[in-house]
$ cat coords.pdb   # PDB, C-alpha atoms
ATOM      1  CA  MET A 218       9.596 -13.854 -11.670  1.00  0.00           C
ATOM      2  CA  LEU A 219      10.174 -15.206  -8.194  1.00  0.00           C
ATOM      3  CA  THR A 220      13.440 -15.127  -6.329  1.00  0.00           C
ATOM      4  CA  LYS A 221      15.110 -18.390  -5.389  1.00  0.00           C
ATOM      5  CA  LYS A 222      13.887 -18.245  -1.777  1.00  0.00           C
ATOM      6  CA  GLN A 223      10.340 -17.339  -2.815  1.00  0.00           C
ATOM      7  CA  SER A 224      10.255 -20.264  -5.252  1.00  0.00           C
ATOM      8  CA  GLU A 225      11.661 -22.670  -2.645  1.00  0.00           C
ATOM      9  CA  LEU A 226       9.062 -21.629  -0.079  1.00  0.00           C
ATOM     10  CA  LEU A 227       6.189 -21.848  -2.563  1.00  0.00           C
ATOM     11  CA  ARG A 228       7.151 -25.384  -3.572  1.00  0.00           C
ATOM     12  CA  PHE A 229       7.665 -26.447   0.046  1.00  0.00           C
ATOM     13  CA  ILE A 230       4.168 -25.230   0.980  1.00  0.00           C
ATOM     14  CA  HIS A 231       2.693 -26.871  -2.134  1.00  0.00           C
ATOM     15  CA  GLU A 232       4.322 -30.244  -1.435  1.00  0.00           C
ATOM     16  CA  ARG A 233       3.297 -30.201   2.231  1.00  0.00           C
ATOM     17  CA  LEU A 234      -0.313 -29.423   1.295  1.00  0.00           C
ATOM     18  CA  LYS A 235      -0.329 -32.306  -1.187  1.00  0.00           C
ATOM     19  CA  GLU A 236       1.107 -34.718   1.388  1.00  0.00           C
ATOM     20  CA  THR A 237      -0.856 -33.797   4.502  1.00  0.00           C
ATOM     21  CA  GLY A 238      -3.489 -31.239   3.527  1.00  0.00           C
ATOM     22  CA  VAL A 239      -2.111 -28.925   6.214  1.00  0.00           C
ATOM     23  CA  PRO A 240       0.287 -26.015   5.581  1.00  0.00           C
ATOM     24  CA  PRO A 241       3.673 -26.174   7.319  1.00  0.00           C
ATOM     25  CA  SER A 242       4.294 -24.075  10.402  1.00  0.00           C
ATOM     26  CA  PHE A 243       6.536 -21.012  10.317  1.00  0.00           C
ATOM     27  CA  ASP A 244       9.199 -22.966  12.207  1.00  0.00           C
ATOM     28  CA  GLU A 245       9.060 -25.766   9.635  1.00  0.00           C
ATOM     29  CA  MET A 246       9.320 -23.267   6.789  1.00  0.00           C
ATOM     30  CA  LYS A 247      12.222 -21.515   8.497  1.00  0.00           C
ATOM     31  CA  ASP A 248      14.112 -24.792   8.915  1.00  0.00           C
ATOM     32  CA  ALA A 249      13.357 -25.945   5.375  1.00  0.00           C
ATOM     33  CA  LEU A 250      14.783 -22.745   3.887  1.00  0.00           C
ATOM     34  CA  ASP A 251      17.649 -22.557   6.398  1.00  0.00           C
ATOM     35  CA  LEU A 252      16.678 -19.077   7.568  1.00  0.00           C
ATOM     36  CA  ARG A 253      17.660 -17.603  10.903  1.00  0.00           C
ATOM     37  CA  SER A 254      14.289 -16.167  11.901  1.00  0.00           C
ATOM     38  CA  LYS A 255      10.577 -16.467  11.212  1.00  0.00           C
ATOM     39  CA  SER A 256      10.474 -12.809  10.159  1.00  0.00           C
ATOM     40  CA  GLY A 257      12.195 -13.818   6.917  1.00  0.00           C
ATOM     41  CA  ILE A 258       9.406 -16.333   6.261  1.00  0.00           C
ATOM     42  CA  HIS A 259       6.821 -13.650   6.949  1.00  0.00           C
ATOM     43  CA  ARG A 260       8.383 -11.392   4.331  1.00  0.00           C
ATOM     44  CA  LEU A 261       8.504 -14.190   1.767  1.00  0.00           C
ATOM     45  CA  ILE A 262       4.857 -15.072   2.369  1.00  0.00           C
ATOM     46  CA  MET A 263       3.821 -11.458   1.949  1.00  0.00           C
ATOM     47  CA  ALA A 264       5.740 -11.285  -1.335  1.00  0.00           C
ATOM     48  CA  LEU A 265       4.137 -14.496  -2.620  1.00  0.00           C
ATOM     49  CA  GLU A 266       0.698 -13.286  -1.588  1.00  0.00           C
ATOM     50  CA  GLU A 267       1.210  -9.901  -3.266  1.00  0.00           C
ATOM     51  CA  ARG A 268       2.276 -11.668  -6.488  1.00  0.00           C
ATOM     52  CA  GLY A 269      -0.793 -13.877  -6.503  1.00  0.00           C
ATOM     53  CA  PHE A 270       0.873 -17.258  -5.843  1.00  0.00           C
ATOM     54  CA  ILE A 271      -0.677 -17.919  -2.431  1.00  0.00           C
ATOM     55  CA  ARG A 272      -3.590 -16.704  -0.364  1.00  0.00           C
ATOM     56  CA  ARG A 273      -3.964 -16.528   3.392  1.00  0.00           C
ATOM     57  CA  LEU A 274      -7.424 -17.662   4.469  1.00  0.00           C
ATOM     58  CA  PRO A 275      -9.079 -15.422   7.090  1.00  0.00           C
ATOM     59  CA  ASN A 276      -9.918 -16.530  10.622  1.00  0.00           C
ATOM     60  CA  ARG A 277      -7.892 -19.729  10.379  1.00  0.00           C
ATOM     61  CA  ALA A 278      -4.480 -20.231  11.933  1.00  0.00           C
ATOM     62  CA  ARG A 279      -1.736 -21.308   9.517  1.00  0.00           C
ATOM     63  CA  ALA A 280      -4.278 -21.354   6.666  1.00  0.00           C
ATOM     64  CA  LEU A 281      -2.473 -20.976   3.326  1.00  0.00           C
ATOM     65  CA  GLU A 282      -3.743 -21.822  -0.143  1.00  0.00           C
ATOM     66  CA  VAL A 283      -1.473 -22.167  -3.173  1.00  0.00           C
ATOM     67  CA  LEU A 284      -3.173 -20.461  -6.109  1.00  0.00           C
ATOM     68  CA  ARG A 285      -0.609 -21.293  -8.760  1.00  0.00           C
ATOM     69  CA  LEU A 286       2.983 -22.330  -9.353  1.00  0.00           C
ATOM     70  CA  PRO A 287       5.355 -20.297 -11.543  1.00  0.00           C
ATOM     71  CA  GLU A 288       4.921 -22.607 -14.544  1.00  0.00           C
ATOM     72  CA  SER A 289       1.198 -23.177 -13.967  1.00  0.00           C
ATOM     73  CA  THR A 290      -1.353 -22.081 -16.524  1.00  0.00           C
ATOM     74  CA  ALA A 291      -4.285 -22.785 -14.249  1.00  0.00           C
ATOM     75  CA  PRO A 292      -6.656 -19.825 -13.818  1.00  0.00           C
ATOM     76  CA  ALA A 293      -5.740 -17.681 -10.862  1.00  0.00           C
ATOM     77  CA  GLN A 294      -5.972 -14.068  -9.907  1.00  0.00           C
ATOM     78  CA  ARG A 295      -2.725 -12.476 -10.991  1.00  0.00           C
ATOM     79  CA  ALA A 296      -1.008 -10.151  -8.589  1.00  0.00           C
ATOM     80  CA  GLN A 297      -0.905  -6.555  -9.832  1.00  0.00           C
ATOM     81  CA  LYS A 298       2.475  -4.939 -10.081  1.00  0.00           C
ATOM     82  CA  PHE A 299       3.028  -1.814  -8.049  1.00  0.00           C
ATOM     83  CA  SER A 300       5.563   0.925  -8.421  1.00  0.00           C
ATOM     84  CA  PRO A 301       6.310   2.669  -5.112  1.00  0.00           C
ATOM     85  CA  SER A 302       6.936   6.386  -5.374  1.00  0.00           C
ATOM     86  CA  VAL A 303       8.384   9.102  -3.187  1.00  0.00           C
ATOM     87  CA  ILE A 304       7.855  12.830  -2.776  1.00  0.00           C
ATOM     88  CA  GLU A 305      10.474  15.174  -4.193  1.00  0.00           C
ATOM     89  CA  GLY A 306      11.090  18.887  -4.692  1.00  0.00           C
ATOM     90  CA  ASP A 307       9.613  22.039  -3.189  1.00  0.00           C
ATOM     91  CA  LEU A 308       6.246  21.389  -4.824  1.00  0.00           C
ATOM     92  CA  GLY A 309       5.995  17.907  -3.374  1.00  0.00           C
ATOM     93  CA  ARG A 310       5.632  16.265  -6.765  1.00  0.00           C
ATOM     94  CA  VAL A 311       5.372  12.483  -6.768  1.00  0.00           C
ATOM     95  CA  ARG A 312       7.923  10.627  -8.891  1.00  0.00           C
ATOM     96  CA  PRO A 313       8.499   6.888  -9.477  1.00  0.00           C
ATOM     97  CA  ALA A 314      11.014   5.396  -7.081  1.00  0.00           C
ATOM     98  CA  PRO A 315      13.532   2.614  -7.776  1.00  0.00           C
ATOM     99  CA  VAL A 316      12.464  -0.879  -6.838  1.00  0.00           C
ATOM    100  CA  HIS A 317      14.383  -2.457  -3.954  1.00  0.00           C
ATOM    101  CA  ALA A 318      17.208  -4.565  -5.365  1.00  0.00           C
ATOM    102  CA  ASP A 319      16.983  -7.303  -2.743  1.00  0.00           C
ATOM    103  CA  ASP A 320      13.760  -8.979  -3.798  1.00  0.00           C
ATOM    104  CA  ASP A 321      14.052 -11.603  -1.068  1.00  0.00           C
ATOM    105  CA  GLN A 322      12.964  -8.936   1.418  1.00  0.00           C
ATOM    106  CA  PRO A 323      10.921  -6.435  -0.621  1.00  0.00           C
ATOM    107  CA  TYR A 324       7.994  -5.866   1.727  1.00  0.00           C
ATOM    108  CA  VAL A 325       7.874  -5.903   5.495  1.00  0.00           C
ATOM    109  CA  ALA A 326       5.067  -3.486   6.364  1.00  0.00           C
ATOM    110  CA  SER A 327       1.367  -4.164   5.906  1.00  0.00           C
ATOM    111  CA  ILE A 328      -0.606  -0.938   5.370  1.00  0.00           C
ATOM    112  CA  PRO A 329      -4.414  -0.875   5.820  1.00  0.00           C
ATOM    113  CA  VAL A 330      -6.412   0.529   2.904  1.00  0.00           C
ATOM    114  CA  MET A 331      -9.167   2.715   4.355  1.00  0.00           C
ATOM    115  CA  GLY A 332     -11.345   3.264   1.291  1.00  0.00           C
ATOM    116  CA  ARG A 333     -11.261   5.991  -1.337  1.00  0.00           C
ATOM    117  CA  ILE A 334     -10.235   9.647  -1.292  1.00  0.00           C
ATOM    118  CA  ALA A 335     -11.378  12.411  -3.634  1.00  0.00           C
ATOM    119  CA  ALA A 336      -8.859  14.173  -5.837  1.00  0.00           C
ATOM    120  CA  GLY A 337     -11.617  15.875  -7.783  1.00  0.00           C
ATOM    121  CA  THR A 338     -15.339  15.894  -7.095  1.00  0.00           C
ATOM    122  CA  PRO A 339     -16.282  15.296  -3.440  1.00  0.00           C
ATOM    123  CA  ILE A 340     -16.876  11.806  -2.123  1.00  0.00           C
ATOM    124  CA  SER A 341     -17.845  10.615   1.318  1.00  0.00           C
ATOM    125  CA  ALA A 342     -15.463  10.661   4.244  1.00  0.00           C
ATOM    126  CA  ILE A 343     -12.847   7.967   4.836  1.00  0.00           C
ATOM    127  CA  GLN A 344     -14.375   4.519   5.026  1.00  0.00           C
ATOM    128  CA  SER A 345     -13.508   1.556   7.183  1.00  0.00           C
ATOM    129  CA  ARG A 346     -10.566  -0.725   6.513  1.00  0.00           C
ATOM    130  CA  SER A 347     -11.063  -2.911   3.434  1.00  0.00           C
ATOM    131  CA  HIS A 348      -7.762  -4.749   2.947  1.00  0.00           C
ATOM    132  CA  THR A 349      -4.016  -4.306   3.365  1.00  0.00           C
ATOM    133  CA  ILE A 350      -1.103  -3.760   1.004  1.00  0.00           C
ATOM    134  CA  PRO A 351       2.605  -4.524   1.523  1.00  0.00           C
ATOM    135  CA  MET A 352       5.102  -1.657   1.404  1.00  0.00           C
ATOM    136  CA  PRO A 353       8.897  -1.377   1.638  1.00  0.00           C
ATOM    137  CA  PRO A 354       9.829   0.348   4.909  1.00  0.00           C
ATOM    138  CA  ASP A 355      12.128   2.742   3.037  1.00  0.00           C
ATOM    139  CA  PHE A 356       9.062   4.534   1.690  1.00  0.00           C
ATOM    140  CA  LEU A 357       7.322   4.992   5.038  1.00  0.00           C
ATOM    141  CA  GLY A 358       9.511   6.410   7.770  1.00  0.00           C
ATOM    142  CA  VAL A 359       8.325   6.706  11.349  1.00  0.00           C
ATOM    143  CA  GLY A 360       4.722   6.852  12.544  1.00  0.00           C
ATOM    144  CA  ASP A 361       1.448   5.107  11.758  1.00  0.00           C
ATOM    145  CA  HIS A 362       0.280   4.924   8.160  1.00  0.00           C
ATOM    146  CA  PHE A 363      -2.806   4.093   6.135  1.00  0.00           C
ATOM    147  CA  ALA A 364      -3.601   3.978   2.432  1.00  0.00           C
ATOM    148  CA  LEU A 365      -6.390   5.435   0.303  1.00  0.00           C
ATOM    149  CA  GLU A 366      -7.384   4.801  -3.295  1.00  0.00           C
ATOM    150  CA  VAL A 367      -7.473   8.024  -5.331  1.00  0.00           C
ATOM    151  CA  ARG A 368     -10.526   8.960  -7.376  1.00  0.00           C
ATOM    152  CA  GLY A 369     -10.360  12.044  -9.590  1.00  0.00           C
ATOM    153  CA  ASP A 370      -7.797  14.140 -11.427  1.00  0.00           C
ATOM    154  CA  SER A 371      -7.433  17.314  -9.379  1.00  0.00           C
ATOM    155  CA  MET A 372      -3.853  16.427  -8.314  1.00  0.00           C
ATOM    156  CA  ILE A 373      -2.433  15.324 -11.670  1.00  0.00           C
ATOM    157  CA  ASP A 374       0.111  18.160 -11.838  1.00  0.00           C
ATOM    158  CA  ALA A 375       1.557  16.823  -8.577  1.00  0.00           C
ATOM    159  CA  GLY A 376       1.953  13.401 -10.181  1.00  0.00           C
ATOM    160  CA  ILE A 377      -1.095  11.867  -8.479  1.00  0.00           C
ATOM    161  CA  LEU A 378      -3.410  10.120 -10.921  1.00  0.00           C
ATOM    162  CA  ASP A 379      -6.851   8.582 -10.762  1.00  0.00           C
ATOM    163  CA  ALA A 380      -6.630   4.982  -9.416  1.00  0.00           C
ATOM    164  CA  ASP A 381      -3.297   5.603  -7.649  1.00  0.00           C
ATOM    165  CA  THR A 382      -3.014   4.493  -4.035  1.00  0.00           C
ATOM    166  CA  VAL A 383      -1.615   7.126  -1.683  1.00  0.00           C
ATOM    167  CA  ILE A 384       0.210   6.278   1.540  1.00  0.00           C
ATOM    168  CA  ILE A 385      -0.657   8.673   4.348  1.00  0.00           C
ATOM    169  CA  ARG A 386       1.155   9.224   7.635  1.00  0.00           C
ATOM    170  CA  LYS A 387      -1.355   9.845  10.409  1.00  0.00           C
ATOM    171  CA  GLN A 388      -0.969  13.349  11.852  1.00  0.00           C
ATOM    172  CA  GLU A 389      -3.246  16.202  12.843  1.00  0.00           C
ATOM    173  CA  THR A 390      -1.015  19.080  11.745  1.00  0.00           C
ATOM    174  CA  ALA A 391       0.720  20.005   8.499  1.00  0.00           C
ATOM    175  CA  GLU A 392       2.786  22.789   6.996  1.00  0.00           C
ATOM    176  CA  THR A 393       1.922  25.052   4.083  1.00  0.00           C
ATOM    177  CA  GLY A 394       2.681  23.189   0.865  1.00  0.00           C
ATOM    178  CA  ASP A 395       2.088  19.695   2.274  1.00  0.00           C
ATOM    179  CA  ILE A 396      -0.297  17.404   0.415  1.00  0.00           C
ATOM    180  CA  VAL A 397      -2.782  16.252   3.016  1.00  0.00           C
ATOM    181  CA  VAL A 398      -5.943  14.323   3.637  1.00  0.00           C
ATOM    182  CA  ALA A 399      -8.367  16.945   4.891  1.00  0.00           C
ATOM    183  CA  LEU A 400     -11.763  16.247   6.429  1.00  0.00           C
ATOM    184  CA  ILE A 401     -14.192  19.084   5.710  1.00  0.00           C
ATOM    185  CA  ASP A 402     -17.152  19.609   8.058  1.00  0.00           C
ATOM    186  CA  ASP A 403     -16.584  16.055   9.363  1.00  0.00           C
ATOM    187  CA  GLU A 404     -18.217  14.595   6.255  1.00  0.00           C
ATOM    188  CA  GLU A 405     -16.094  15.159   3.131  1.00  0.00           C
ATOM    189  CA  ALA A 406     -12.583  13.809   2.743  1.00  0.00           C
ATOM    190  CA  THR A 407     -10.302  15.206   0.069  1.00  0.00           C
ATOM    191  CA  LEU A 408      -6.663  15.042  -1.000  1.00  0.00           C
ATOM    192  CA  LYS A 409      -5.274  18.536  -1.601  1.00  0.00           C
ATOM    193  CA  ARG A 410      -2.283  20.774  -0.989  1.00  0.00           C
ATOM    194  CA  LEU A 411      -2.579  22.778   2.215  1.00  0.00           C
ATOM    195  CA  ARG A 412      -2.096  26.558   2.206  1.00  0.00           C
ATOM    196  CA  LYS A 413      -2.468  28.659   5.344  1.00  0.00           C
ATOM    197  CA  ARG A 414      -3.847  32.105   4.616  1.00  0.00           C
ATOM    198  CA  GLY A 415      -4.024  34.036   7.831  1.00  0.00           C
ATOM    199  CA  ALA A 416      -6.773  32.491   9.894  1.00  0.00           C
ATOM    200  CA  SER A 417      -8.144  30.606   6.886  1.00  0.00           C
ATOM    201  CA  ILE A 418      -7.154  27.305   5.334  1.00  0.00           C
ATOM    202  CA  ALA A 419      -6.925  26.897   1.580  1.00  0.00           C
ATOM    203  CA  LEU A 420      -7.127  23.463  -0.034  1.00  0.00           C
ATOM    204  CA  GLU A 421      -5.398  23.808  -3.373  1.00  0.00           C
ATOM    205  CA  ALA A 422      -5.738  21.464  -6.352  1.00  0.00           C
ATOM    206  CA  ALA A 423      -2.855  20.626  -8.675  1.00  0.00           C
ATOM    207  CA  ASN A 424      -4.974  20.998 -11.796  1.00  0.00           C
ATOM    208  CA  PRO A 425      -5.995  24.380 -13.258  1.00  0.00           C
ATOM    209  CA  ALA A 426      -9.475  23.018 -13.978  1.00  0.00           C
ATOM    210  CA  TYR A 427     -10.230  23.042 -10.238  1.00  0.00           C
ATOM    211  CA  GLU A 428     -10.620  26.068  -7.982  1.00  0.00           C
ATOM    212  CA  THR A 429      -8.877  26.504  -4.646  1.00  0.00           C
ATOM    213  CA  ARG A 430     -11.334  26.086  -1.780  1.00  0.00           C
ATOM    214  CA  ILE A 431     -10.978  28.249   1.322  1.00  0.00           C
ATOM    215  CA  PHE A 432     -12.410  27.397   4.731  1.00  0.00           C
ATOM    216  CA  GLY A 433     -12.373  28.634   8.286  1.00  0.00           C
ATOM    217  CA  PRO A 434     -10.019  26.668  10.565  1.00  0.00           C
ATOM    218  CA  ASP A 435     -12.934  25.136  12.477  1.00  0.00           C
ATOM    219  CA  ARG A 436     -14.221  23.435   9.297  1.00  0.00           C
ATOM    220  CA  VAL A 437     -11.075  21.512   8.365  1.00  0.00           C
ATOM    221  CA  ARG A 438      -9.346  18.701  10.242  1.00  0.00           C
ATOM    222  CA  ILE A 439      -6.070  17.273   9.003  1.00  0.00           C
ATOM    223  CA  GLN A 440      -6.112  13.468   8.935  1.00  0.00           C
ATOM    224  CA  GLY A 441      -2.614  12.877   7.611  1.00  0.00           C
ATOM    225  CA  LYS A 442       0.154  13.827   5.202  1.00  0.00           C
ATOM    226  CA  LEU A 443       1.069  12.176   1.900  1.00  0.00           C
ATOM    227  CA  VAL A 444       4.398  10.347   2.180  1.00  0.00           C
ATOM    228  CA  SER A 445       4.347   7.877  -0.697  1.00  0.00           C
ATOM    229  CA  LEU A 446       2.302   6.551  -3.583  1.00  0.00           C
ATOM    230  CA  ILE A 447       1.683   3.269  -5.370  1.00  0.00           C
ATOM    231  CA  ARG A 448       0.786   3.080  -9.045  1.00  0.00           C
ATOM    232  CA  LYS A 449      -0.516  -0.004 -10.812  1.00  0.00           C
ATOM    233  CA  TYR A 450       1.214  -0.698 -14.101  1.00  0.00           C
TER     234      TYR A 450
END
$ encode --input "coords.pdb" --output "C-alpha cells"
Amino acid sequence: MLTKKQSELLRFIHERLKETGVPPSFDEMKDALDLRSKSGIHRLIMALEERGFIRRLPNRARALEVLRLPESTAPAQRAQKFSPSVIEGDLGRVRPAPVHADDDQPYVASIPVMGRIAAGTPISAIQSRSHTIPMPPDFLGVGDHFALEVRGDSMIDAGILDADTVIIRKQETAETGDIVVALIDDEEATLKRLRKRGASIALEAANPAYETRIFGPDRVRIQGKLVSLIRKY
C-alpha cells in the first residue's frame, strides 16, 4: 500500500507521461505535491521504484517509466518486501528491526550491491557493483557502506540466512567478535566472525557444521564490518 504522497506523485507522473510523453522535472513534482525541497521527491521516487511502481531508465536524464498503478492488474515486476535488521547482543546476532513509521520518507540512502559473499563454501572474491538498494539511514550510521548477497548457511546461528543481503561498513580493521567480510589470500571473500588468537586470525562460523579457519595475519584483509541486514519476505 502506498502512502498518500507516494500515490499523488505516481499519478502525477503517469498523467504527465500520458499528456506529453515526457516525465515532469523534480521542480514540477515538488510544486505539484507542495513539498519544500526536491530531496522529498527523491525519497518518494526511491520508494516507488523499490515497490515496483516506477523504473528509472539508465543513461537518460529525467527518464521515468510507470510500470503499474495501485489498482492495475497489468503484468509488472513486483517489488520485493524487505525487512531491515540490526545487530544486537554480545554475540552480534541479527534480529528483525521495526519498520520506520513515517512511510513518506522510508529510504534516503542508496547502497551499492557488490555481488555475493560466502557464508559456507568458498566463492570468488567480491565482484563489481551490480545494482543498488535503498536503506533507512537509521540502520547505517556513519561511513561508506556496500551490500552483499549471502550464499550459504555457515552463519545461521547469528541470524544470517542464505539469500539475505548484508550491509557492510567499509573498514580495514575490526575487533574480536565482529562479523566481517574477510578477503583470504586476495582471492576468496567470506563472511565470518573475527577472532584474534595471538598473531593469528581465526574466522569463525556460526554453525557447528563448519570448522573455524585459522590464518596468519598476512593472509587476511578485512574489507568491512556487518552493520545491518535485509531479508526478503
$ atom_distance --input "coords.pdb" --atom1 "CA of Lys221 (chain A)" --atom2 "CA of Thr382 (chain A)"
29.2 Å
$ atom_distance --input "coords.pdb" --atom1 "CA of Gly441 (chain A)" --atom2 "CA of Pro425 (chain A)"
24.1 Å
$ residues_around --input "coords.pdb" --residues "region 240-243 of chain A" --least-positions-apart "2" --cutoff "7 Å" --atoms "all atoms listed in the file" --output "PyMOL selection string"
chain A and resi 230+233-234+238+245-247+255+258+279-281
$ residues_around --input "coords.pdb" --residues "Leu261 (chain A)" --least-positions-apart "3" --cutoff "12 Å" --atoms "all atoms listed in the file" --output "PDB file with C-alpha atoms, in the coordinates of the input"
ATOM      1  CA  LEU A 219      10.174 -15.206  -8.194  1.00  0.00           C
ATOM      2  CA  THR A 220      13.440 -15.127  -6.329  1.00  0.00           C
ATOM      3  CA  LYS A 221      15.110 -18.390  -5.389  1.00  0.00           C
ATOM      4  CA  LYS A 222      13.887 -18.245  -1.777  1.00  0.00           C
ATOM      5  CA  GLN A 223      10.340 -17.339  -2.815  1.00  0.00           C
ATOM      6  CA  SER A 224      10.255 -20.264  -5.252  1.00  0.00           C
ATOM      7  CA  GLU A 225      11.661 -22.670  -2.645  1.00  0.00           C
ATOM      8  CA  LEU A 226       9.062 -21.629  -0.079  1.00  0.00           C
ATOM      9  CA  LEU A 227       6.189 -21.848  -2.563  1.00  0.00           C
ATOM     10  CA  ILE A 230       4.168 -25.230   0.980  1.00  0.00           C
ATOM     11  CA  PHE A 243       6.536 -21.012  10.317  1.00  0.00           C
ATOM     12  CA  MET A 246       9.320 -23.267   6.789  1.00  0.00           C
ATOM     13  CA  LYS A 247      12.222 -21.515   8.497  1.00  0.00           C
ATOM     14  CA  LEU A 250      14.783 -22.745   3.887  1.00  0.00           C
ATOM     15  CA  LEU A 252      16.678 -19.077   7.568  1.00  0.00           C
ATOM     16  CA  SER A 254      14.289 -16.167  11.901  1.00  0.00           C
ATOM     17  CA  LYS A 255      10.577 -16.467  11.212  1.00  0.00           C
ATOM     18  CA  SER A 256      10.474 -12.809  10.159  1.00  0.00           C
ATOM     19  CA  GLY A 257      12.195 -13.818   6.917  1.00  0.00           C
ATOM     20  CA  ILE A 258       9.406 -16.333   6.261  1.00  0.00           C
ATOM     21  CA  ALA A 264       5.740 -11.285  -1.335  1.00  0.00           C
ATOM     22  CA  LEU A 265       4.137 -14.496  -2.620  1.00  0.00           C
ATOM     23  CA  GLU A 266       0.698 -13.286  -1.588  1.00  0.00           C
ATOM     24  CA  GLU A 267       1.210  -9.901  -3.266  1.00  0.00           C
ATOM     25  CA  ARG A 268       2.276 -11.668  -6.488  1.00  0.00           C
ATOM     26  CA  PHE A 270       0.873 -17.258  -5.843  1.00  0.00           C
ATOM     27  CA  ILE A 271      -0.677 -17.919  -2.431  1.00  0.00           C
ATOM     28  CA  ASP A 319      16.983  -7.303  -2.743  1.00  0.00           C
ATOM     29  CA  ASP A 320      13.760  -8.979  -3.798  1.00  0.00           C
ATOM     30  CA  ASP A 321      14.052 -11.603  -1.068  1.00  0.00           C
ATOM     31  CA  GLN A 322      12.964  -8.936   1.418  1.00  0.00           C
ATOM     32  CA  PRO A 323      10.921  -6.435  -0.621  1.00  0.00           C
ATOM     33  CA  TYR A 324       7.994  -5.866   1.727  1.00  0.00           C
ATOM     34  CA  VAL A 325       7.874  -5.903   5.495  1.00  0.00           C
ATOM     35  CA  PRO A 351       2.605  -4.524   1.523  1.00  0.00           C
TER      36      PRO A 351
END
$ residues_near_point --input "coords.pdb" --point "(-12.3, 23.3, -8.3)" --cutoff "12 Å" --atoms "all atoms listed in the file" --output "MDAnalysis selection string"
chainID A and resid 335:339 369:372 407 409 419:431
$ closest_residue --input "coords.pdb" --among "A:Arg228, A:Arg410, A:Arg285, A:Arg273" --to "Ala249 (chain A)" --atoms "only C-alpha atoms"
A:Arg228
$ closest_residue --input "coords.pdb" --among "A:Val398, A:Met263, A:Leu357, A:Ile384" --to "Pro329 (chain A)" --atoms "all atoms listed in the file"
A:Ile384
$ closest_residue --input "coords.pdb" --among "A:Lys442, A:Gly376, A:Thr237, A:Arg412" --to "Gly360 (chain A)" --atoms "all atoms listed in the file"
A:Lys442
$ resolve_selection --input "coords.pdb" --expression "the PyMOL selection byres ((chain A and resi 389) around 6)" --output "PyMOL selection string"
chain A and resi 388+390+439-440
$ closest_residue --input "coords.pdb" --among "A:Val283, A:Ile334, A:Val239, A:Val359" --to "Asp381 (chain A)" --atoms "all atoms listed in the file"
A:Ile334
$ atom_distance --input "coords.pdb" --atom1 "CA of Leu378 (chain A)" --atom2 "CA of Asp361 (chain A)"
23.7 Å
$ resolve_selection --input "coords.pdb" --expression "the PyMOL selection byres ((chain A and resi 444) around 6)" --output "PyMOL selection string"
chain A and resi 384-385+443+445
$ write_last_selection --input "coords.pdb" --atoms "C-alpha atoms" --output "CSV table (one decimal), keeping the file's coordinate frame"
chain,number,residue,atom,x,y,z
A,384,ILE,CA,0.2,6.3,1.5
A,385,ILE,CA,-0.7,8.7,4.3
A,443,LEU,CA,1.1,12.2,1.9
A,445,SER,CA,4.3,7.9,-0.7
$ resolve_selection --input "coords.pdb" --expression "the PyMOL selection byres ((chain A and resi 394) around 7)" --output "PDB file with C-alpha atoms, keeping the file's coordinate frame"
ATOM      1  CA  LEU A 308       6.246  21.389  -4.824  1.00  0.00           C
ATOM      2  CA  GLU A 392       2.786  22.789   6.996  1.00  0.00           C
ATOM      3  CA  THR A 393       1.922  25.052   4.083  1.00  0.00           C
ATOM      4  CA  ASP A 395       2.088  19.695   2.274  1.00  0.00           C
ATOM      5  CA  ILE A 396      -0.297  17.404   0.415  1.00  0.00           C
ATOM      6  CA  ARG A 410      -2.283  20.774  -0.989  1.00  0.00           C
ATOM      7  CA  LEU A 411      -2.579  22.778   2.215  1.00  0.00           C
ATOM      8  CA  ARG A 412      -2.096  26.558   2.206  1.00  0.00           C
TER       9      ARG A 412
END
$ residues_around --input "coords.pdb" --residues "Arg438 (chain A)" --least-positions-apart "2" --cutoff "7 Å" --atoms "all atoms listed in the file" --output "PyMOL selection string"
chain A and resi 399-401+436+440
$ closest_residue --input "coords.pdb" --among "A:Leu408, A:Ile418, A:His348, A:Gly433" --to "Ile373 (chain A)" --atoms "only C-alpha atoms"
A:Leu408
